[in-house]
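With compact mmCIF, C-alpha atoms inside, this is run.txt:
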```
# COMPACT_ATOMS: atom_id res chain seq x y z
CA MET A 4 0.99 34.67 -12.02
CA LYS A 5 -0.18 31.14 -12.75
CA THR A 6 -3.67 30.71 -14.14
CA GLU A 7 -6.11 28.13 -12.79
CA GLY A 8 -5.58 26.00 -15.86
CA THR A 9 -1.84 26.09 -15.38
CA LEU A 10 -2.24 24.95 -11.76
CA GLU A 11 -4.44 22.07 -12.84
CA ASP A 12 -1.84 21.04 -15.40
CA HIS A 13 0.84 21.32 -12.71
CA PHE A 14 -0.99 19.03 -10.28
CA GLU A 15 -1.82 16.56 -13.06
CA GLN A 16 1.87 16.40 -13.94
CA LEU A 17 2.80 15.79 -10.30
CA GLY A 18 0.52 12.75 -10.31
CA ASP A 19 1.95 11.41 -13.55
CA ASP A 20 5.46 11.95 -12.20
CA HIS A 21 4.66 9.73 -9.20
CA ILE A 22 5.49 12.35 -6.55
CA SER A 23 5.36 11.42 -2.86
CA SER A 24 5.16 14.13 -0.21
CA SER A 25 6.32 12.28 2.93
CA GLU A 26 6.93 8.91 4.60
CA GLU A 27 3.68 9.28 6.53
CA THR A 28 0.27 8.96 4.93
CA PRO A 29 -1.07 12.54 4.64
CA LEU A 30 -4.02 12.60 7.04
CA ARG A 31 -5.85 15.55 8.61
CA LYS A 32 -5.96 15.79 12.39
CA ASP A 33 -9.73 15.28 12.32
CA ALA A 34 -9.53 12.19 10.10
CA PHE A 35 -11.30 9.91 12.58
CA ILE A 36 -13.94 12.18 14.08
CA LEU A 37 -16.62 10.69 11.85
CA SER A 38 -17.69 7.09 12.38
CA ASP A 39 -17.40 4.58 9.55
CA GLU A 40 -21.16 4.73 9.08
CA GLU A 41 -21.10 8.54 8.81
CA LYS A 42 -18.29 8.37 6.28
CA ILE A 43 -20.20 5.82 4.21
CA GLU A 44 -23.26 8.09 4.09
CA ARG A 45 -21.20 11.10 2.97
CA ILE A 46 -19.24 9.17 0.36
CA LYS A 47 -22.43 7.55 -0.94
CA ASP A 48 -23.90 10.98 -1.66
CA SER A 49 -20.67 12.08 -3.36
CA VAL A 50 -20.50 8.98 -5.57
CA ARG A 51 -24.14 9.43 -6.49
CA GLU A 52 -23.42 13.02 -7.54
CA ILE A 53 -20.42 11.93 -9.63
CA LEU A 54 -22.47 9.32 -11.48
CA LEU A 55 -25.32 11.75 -12.07
CA THR A 56 -22.86 14.32 -13.40
CA LEU A 57 -21.53 11.72 -15.81
CA GLY A 58 -25.07 11.20 -17.06
CA MET A 59 -25.73 7.78 -15.56
CA ASP A 60 -29.29 6.66 -14.86
CA LEU A 61 -29.30 5.69 -11.19
CA GLU A 62 -32.84 4.36 -11.47
CA ASP A 63 -31.47 1.48 -13.53
CA ASP A 64 -31.43 -1.74 -11.49
CA SER A 65 -27.73 -2.28 -12.20
CA LEU A 66 -26.78 1.17 -10.83
CA LYS A 67 -29.19 1.70 -7.94
CA GLY A 68 -26.88 0.20 -5.36
CA THR A 69 -23.59 1.45 -6.80
CA PRO A 70 -23.14 4.56 -4.60
CA ASN A 71 -23.63 2.52 -1.43
CA ARG A 72 -21.42 -0.32 -2.66
CA VAL A 73 -18.59 2.08 -3.55
CA ALA A 74 -18.86 3.93 -0.25
CA LYS A 75 -18.70 0.71 1.78
CA MET A 76 -15.79 -0.52 -0.33
CA PHE A 77 -13.84 2.69 0.29
CA VAL A 78 -14.38 2.74 4.05
CA LYS A 79 -14.46 -0.95 4.95
CA GLU A 80 -12.15 -2.47 2.35
CA ILE A 81 -9.67 -0.72 0.08
CA PHE A 82 -9.04 2.23 2.43
CA GLY A 83 -9.57 0.34 5.69
CA GLY A 84 -5.86 0.61 6.50
CA LEU A 85 -6.19 4.33 7.18
CA HIS A 86 -7.62 3.71 10.65
CA PRO A 87 -4.97 2.99 13.32
CA ASP A 88 -7.39 0.74 15.22
CA LYS A 89 -7.15 -1.72 12.34
CA LYS A 90 -3.40 -2.14 12.60
CA PRO A 91 -2.66 -5.87 13.08
CA ASN A 92 -1.43 -7.00 16.48
CA SER A 93 2.08 -8.22 15.71
CA SER A 94 3.11 -10.29 18.72
CA THR A 95 6.75 -11.35 18.83
CA PHE A 96 8.40 -14.38 20.35
CA ASP A 97 11.85 -15.07 21.71
CA ASN A 98 14.16 -16.64 19.15
CA LYS A 99 14.68 -19.68 21.40
CA TYR A 100 16.06 -21.86 18.62
CA LYS A 101 18.75 -19.22 17.97
CA TYR A 102 18.08 -19.01 14.25
CA GLY A 103 20.61 -16.41 13.15
CA GLU A 104 20.21 -16.43 9.37
CA MET A 105 17.97 -14.38 7.14
CA LEU A 106 14.25 -15.15 7.13
CA VAL A 107 12.47 -14.30 3.88
CA GLU A 108 8.74 -14.15 3.20
CA LYS A 109 8.36 -13.74 -0.56
CA ASN A 110 5.55 -13.30 -3.06
CA ILE A 111 3.16 -11.63 -0.62
CA THR A 112 0.12 -10.59 -2.64
CA LEU A 113 -0.32 -6.82 -2.59
CA TYR A 114 -3.40 -4.79 -3.49
CA SER A 115 -3.27 -1.05 -3.00
CA THR A 116 -4.58 2.17 -4.57
CA CYS A 117 -2.58 4.93 -6.25
CA GLU A 118 -3.31 8.17 -4.40
CA HIS A 119 -2.88 10.26 -7.56
CA HIS A 120 -5.67 8.71 -9.63
CA LEU A 121 -7.36 6.29 -7.19
CA LEU A 122 -6.62 3.35 -9.47
CA PRO A 123 -5.37 -0.07 -8.33
CA ILE A 124 -1.78 -1.07 -7.61
CA VAL A 125 -1.37 -4.85 -7.85
CA GLY A 126 1.81 -6.77 -7.19
CA ARG A 127 4.04 -8.70 -4.82
CA ALA A 128 6.02 -7.76 -1.74
CA HIS A 129 9.12 -9.64 -0.57
CA ILE A 130 10.23 -9.17 3.05
CA ALA A 131 13.30 -10.30 4.95
CA TYR A 132 14.72 -9.79 8.42
CA ILE A 133 17.57 -11.03 10.56
CA SER A 134 16.48 -11.68 14.12
CA GLY A 135 17.99 -9.55 16.84
CA GLY A 136 16.47 -11.81 19.49
CA SER A 137 12.80 -11.76 18.49
CA VAL A 138 10.78 -13.38 15.72
CA VAL A 139 7.30 -12.63 14.42
CA GLY A 140 4.66 -15.01 13.07
CA LEU A 141 4.91 -15.44 9.31
CA SER A 142 1.31 -14.41 8.64
CA LYS A 143 1.86 -11.16 10.56
CA MET A 144 4.19 -9.96 7.81
CA ASN A 145 1.42 -10.53 5.27
CA ARG A 146 -0.99 -8.64 7.52
CA ILE A 147 1.36 -5.68 7.88
CA VAL A 148 1.69 -5.47 4.09
CA ASP A 149 -2.09 -5.64 3.73
CA TYR A 150 -2.69 -2.98 6.41
CA TYR A 151 -0.42 -0.36 4.89
CA ALA A 152 -1.57 -1.22 1.36
CA ARG A 153 -5.21 -0.55 2.22
CA ARG A 154 -5.00 3.21 1.83
CA PRO A 155 -4.28 5.72 -0.93
CA GLN A 156 -0.60 5.06 -1.50
CA VAL A 157 2.63 5.82 -3.29
CA GLN A 158 4.71 2.68 -3.72
CA GLU A 159 7.89 4.18 -2.27
CA ARG A 160 6.01 5.23 0.87
CA LEU A 161 4.41 1.80 1.19
CA ASN A 162 7.86 0.21 1.04
CA ILE A 163 9.15 2.48 3.81
CA GLN A 164 6.09 2.04 6.04
CA ILE A 165 6.32 -1.76 5.89
CA VAL A 166 10.01 -1.73 6.82
CA ARG A 167 9.59 0.85 9.61
CA GLU A 168 6.74 -1.13 11.16
CA LEU A 169 8.68 -4.40 11.15
CA GLN A 170 11.77 -2.68 12.55
CA LYS A 171 9.62 -1.38 15.40
CA VAL A 172 7.94 -4.74 16.00
CA LEU A 173 11.15 -6.78 15.87
CA GLY A 174 13.41 -4.29 17.62
CA THR A 175 16.04 -4.47 14.88
CA GLU A 176 17.14 -2.36 11.93
CA ASP A 177 17.87 -5.50 9.90
CA VAL A 178 14.72 -5.51 7.77
CA ALA A 179 14.28 -5.27 4.01
CA CYS A 180 11.37 -5.10 1.59
CA VAL A 181 11.18 -5.18 -2.21
CA ILE A 182 7.90 -4.48 -4.02
CA ASP A 183 7.19 -5.26 -7.68
CA ALA A 184 3.80 -3.92 -8.76
CA LYS A 185 1.72 -2.81 -11.70
CA HIS A 186 0.03 0.60 -11.49
CA LEU A 187 -3.21 0.81 -13.42
CA CYS A 188 -2.74 4.59 -13.66
CA VAL A 189 0.11 3.66 -16.04
CA ASN A 190 -1.34 0.44 -17.46
CA SER A 191 -4.91 1.60 -18.21
CA ARG A 192 -4.64 5.37 -18.76
CA GLY A 193 -2.08 7.90 -19.94
CA ILE A 194 0.67 5.95 -21.69
CA ARG A 195 -1.35 2.69 -21.36
CA ASP A 196 1.72 0.49 -21.04
CA ILE A 197 0.31 -2.83 -19.86
CA GLU A 198 3.69 -4.57 -19.65
CA SER A 199 5.62 -2.26 -17.31
CA SER A 200 5.84 -2.69 -13.55
CA THR A 201 7.45 -0.62 -10.80
CA VAL A 202 10.09 -2.04 -8.46
CA THR A 203 11.00 -0.29 -5.20
CA ALA A 204 13.15 -1.34 -2.27
CA GLU A 205 13.91 -0.29 1.29
CA TYR A 206 16.94 -1.74 3.09
CA GLY A 207 17.75 -1.32 6.76
CA GLY A 208 20.70 -2.29 8.93
CA LYS A 209 22.74 -5.21 7.60
CA PHE A 210 20.76 -5.21 4.36
CA LYS A 211 22.64 -2.09 3.32
CA GLU A 212 25.70 -4.34 3.00
CA GLU A 213 26.09 -5.57 -0.57
CA ALA A 214 26.61 -9.24 0.30
CA VAL A 215 23.57 -9.41 2.58
CA ARG A 216 21.42 -7.51 0.11
CA ASN A 217 22.49 -9.81 -2.73
CA GLU A 218 21.65 -12.89 -0.67
CA PHE A 219 18.14 -11.51 -0.14
CA LEU A 220 17.73 -10.83 -3.86
CA GLU A 221 18.90 -14.36 -4.67
CA TYR A 222 16.21 -15.79 -2.37
CA ILE A 223 13.58 -13.66 -4.16
CA ASN A 224 14.68 -15.05 -7.53
CA MET A 225 14.62 -18.69 -6.41
CA ASP A 226 12.08 -20.89 -8.17
CA THR A 227 9.76 -21.95 -5.36
CA GLN A 228 6.69 -23.01 -7.35
CA PHE A 229 4.92 -26.05 -5.92
```
Could you write out this structure as structure tokens?
Amino acid sequence: MKTEGTLEDHFEQLGDDHISSSEETPLRKDAFILSDEEKIERIKDSVREILLTLGMDLEDDSLKGTPNRVAKMFVKEIFGGLHPDKKPNSSTFDNKYKYGEMLVEKNITLYSTCEHHLLPIVGRAHIAYISGGSVVGLSKMNRIVDYYARRPQVQERLNIQIVRELQKVLGTEDVACVIDAKHLCVNSRGIRDIESSTVTAEYGGKFKEEAVRNEFLEYINMDTQF
């Protein structure tokens, strides 16, 4: 029989090993019963208790507002992508100019949060698709990345969610996404390797073909600094 300590070690190791449980973000069925304001109040109390447990003086002017600031940040900002009502409206348009080549949106700034240690993930996403008859506004790809990034995440899942959403929006399997990001759970704790980054990819449809995939990767590596 495993002891409590052994279980804690086991779960800690799972986090360090970067384990993902599913393609969907693990949410309870009652995740959205509480309003944002109710969630902020509950989280504020929890953050206050954490800081008190750590020995912080919450009467200090610098710390008085910290529980409320953290709670609002969690609900309204860094975890705002958990709520389906905040999914961006990704309108599509007919490809009237019959552009049949690959379209690439590269170097999309990505800010997310590792769900194992609740530390930042910072990097770039590169997206490509080949139109099957529809196109989507360029900024909508950035917004889709931002929406799925604003939740506790595992990078592999984020990659998959971005591709699945664009496949659904565009009505084509021909979508690809590569993410290159630094995980502060690696860079600032544990091994503390500040130089390493994590690269993940998800290829759909024609992007599974070597030639098409290589063309996409060549576009990513192009020097497009202005």
Which neighbours of stretch 90-103 of chain A fall inside 6 Å, counting all atoms listed in the file, when residues of the same chain fewer than 4 positions from it are skipped, and could you give them as a compact mmCIF listing (two decimals) with C-alpha atoms, in the coordinates of the input?
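Generated output (out17.txt):
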```
# COMPACT_ATOMS: atom_id res chain seq x y z
CA GLY A 136 16.47 -11.81 19.49
CA SER A 137 12.80 -11.76 18.49
CA VAL A 138 10.78 -13.38 15.72
CA VAL A 139 7.30 -12.63 14.42
CA LYS A 143 1.86 -11.16 10.56
```
Atom pair atom CA of A:Leu173 + atom CA of A:Leu106, distance 12.5 Å
Can you work out which one of A:Phe35, A:Tyr132, A:Tyr114, A:Phe77 has the shortest atom-to-atom distance to A:Gln156, counting all atoms listed in the file?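 Selected residue with least distance to A:Gln156: A:Tyr114.
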Show me, as a ChimeraX atom specification, the residues that have an atom within 10 Å of A:Thr69 when counting only C-alpha atoms, minus same-chain residues fewer than 5 positions from it. /A:47,50-51,54,61,64,74-75
Taking a cut-off of 9 Å and counting all atoms listed in the file, can you build a table that, for each residue of stretch 118-181 of chain A near stretch 217-220 of chain A, reports the nearest atom pair and how far apart they are in Å (one decimal), sorted by chain then residue number, as CSV?
```
residue,atom,partner,partner_atom,distance
A:Ile130,CA,A:Phe219,CA,8.8
A:Ala131,CA,A:Phe219,CA,7.1
A:Ala179,CA,A:Phe219,CA,8.4
A:Val181,CA,A:Leu220,CA,8.8
```
If I take atom CA of A:Glu198 and atom CA of A:Thr116, how far is one from the other in Å, to one decimal?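 For atom CA of A:Glu198 relative to atom CA of A:Thr116, the distance reads 18.5 Å.
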Around all the atoms of stretch 66-72 of chain A listed in the file, draw an axis-aligned box and extend it by 3 Å on each of the six sides; I want its centre and edge lengths in Å to one decimal, as AutoDock Vina command-line options.
```
--center_x -25.3 --center_y 2.1 --center_z -6.1 --size_x 13.8 --size_y 10.9 --size_z 15.4
```
Calculate how many Å separate atom CA of A:Arg160 from atom CA of A:Val172, rounding to one decimal.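 These two atoms are separated by 18.2 Å.
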Nearest to A:Ser115, chosen from A:Gly135, A:Gly207, A:Lys185, A:Asn145, with all atoms listed in the file counted in the distances: A:Lys185
Residues near A:Glu176, anyone? I mean within 8 Å using all atoms listed in the file, not counting same-chain ones fewer than 6 positions away, as a list in words. Gln170, Gly207, Gly208 and Lys209 of chain A
Grab the residues selected above and save them as a short mmCIF file (atom, residue, chain, number, x, y, z; two decimals), in the coordinates of the input with C-alpha atoms.
```
data_model
loop_
_atom_site.label_atom_id
_atom_site.label_comp_id
_atom_site.auth_asym_id
_atom_site.auth_seq_id
_atom_site.Cartn_x
_atom_site.Cartn_y
_atom_site.Cartn_z
CA GLN A 170 11.77 -2.68 12.55
CA GLY A 207 17.75 -1.32 6.76
CA GLY A 208 20.70 -2.29 8.93
CA LYS A 209 22.74 -5.21 7.60
#
```
Could you give me, as number ranges by chain, the residues that have an atom at most 7 Å away from the point (0.0, -2.7, -13.0) in the coordinates of the file, using all atoms listed in the file? A: 124-125, 184-187, 190, 197, 200
Option closest in space to A:Lys109, from A:Ser134, A:Ser142, A:Thr201, A:Thr28 [counting all atoms listed in the file]: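 Closest residue, counting all atoms listed in the file: A:Ser142.
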I'd like the neighbourhood of A:Val73 as a PyMOL selection string, where a residue qualifies if any of its atoms comes within 12 Å (using only C-alpha atoms), though same-chain residues fewer than 3 positions away should be ignored. chain A and resi 42-51+53-54+66-70+76-82
Proximity to A:Asp226 - best of A:Ser65, A:Gln158, A:Asn110, A:Ser38, only C-alpha atoms: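 Using only C-alpha atoms, the shortest distance to A:Asp226 belongs to A:Asn110.
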Using only C-alpha atoms, the shortest atom-to-atom distance to A:Val178 among A:Ile163, A:Leu113, A:Ala214, A:Val157 belongs to A:Ile163
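Using only C-alpha atoms, the smallest distance between any of A:Ser191, A:Ile165, A:Gly174, A:Glu221 and A:Ala204 comes from A:Ile165.
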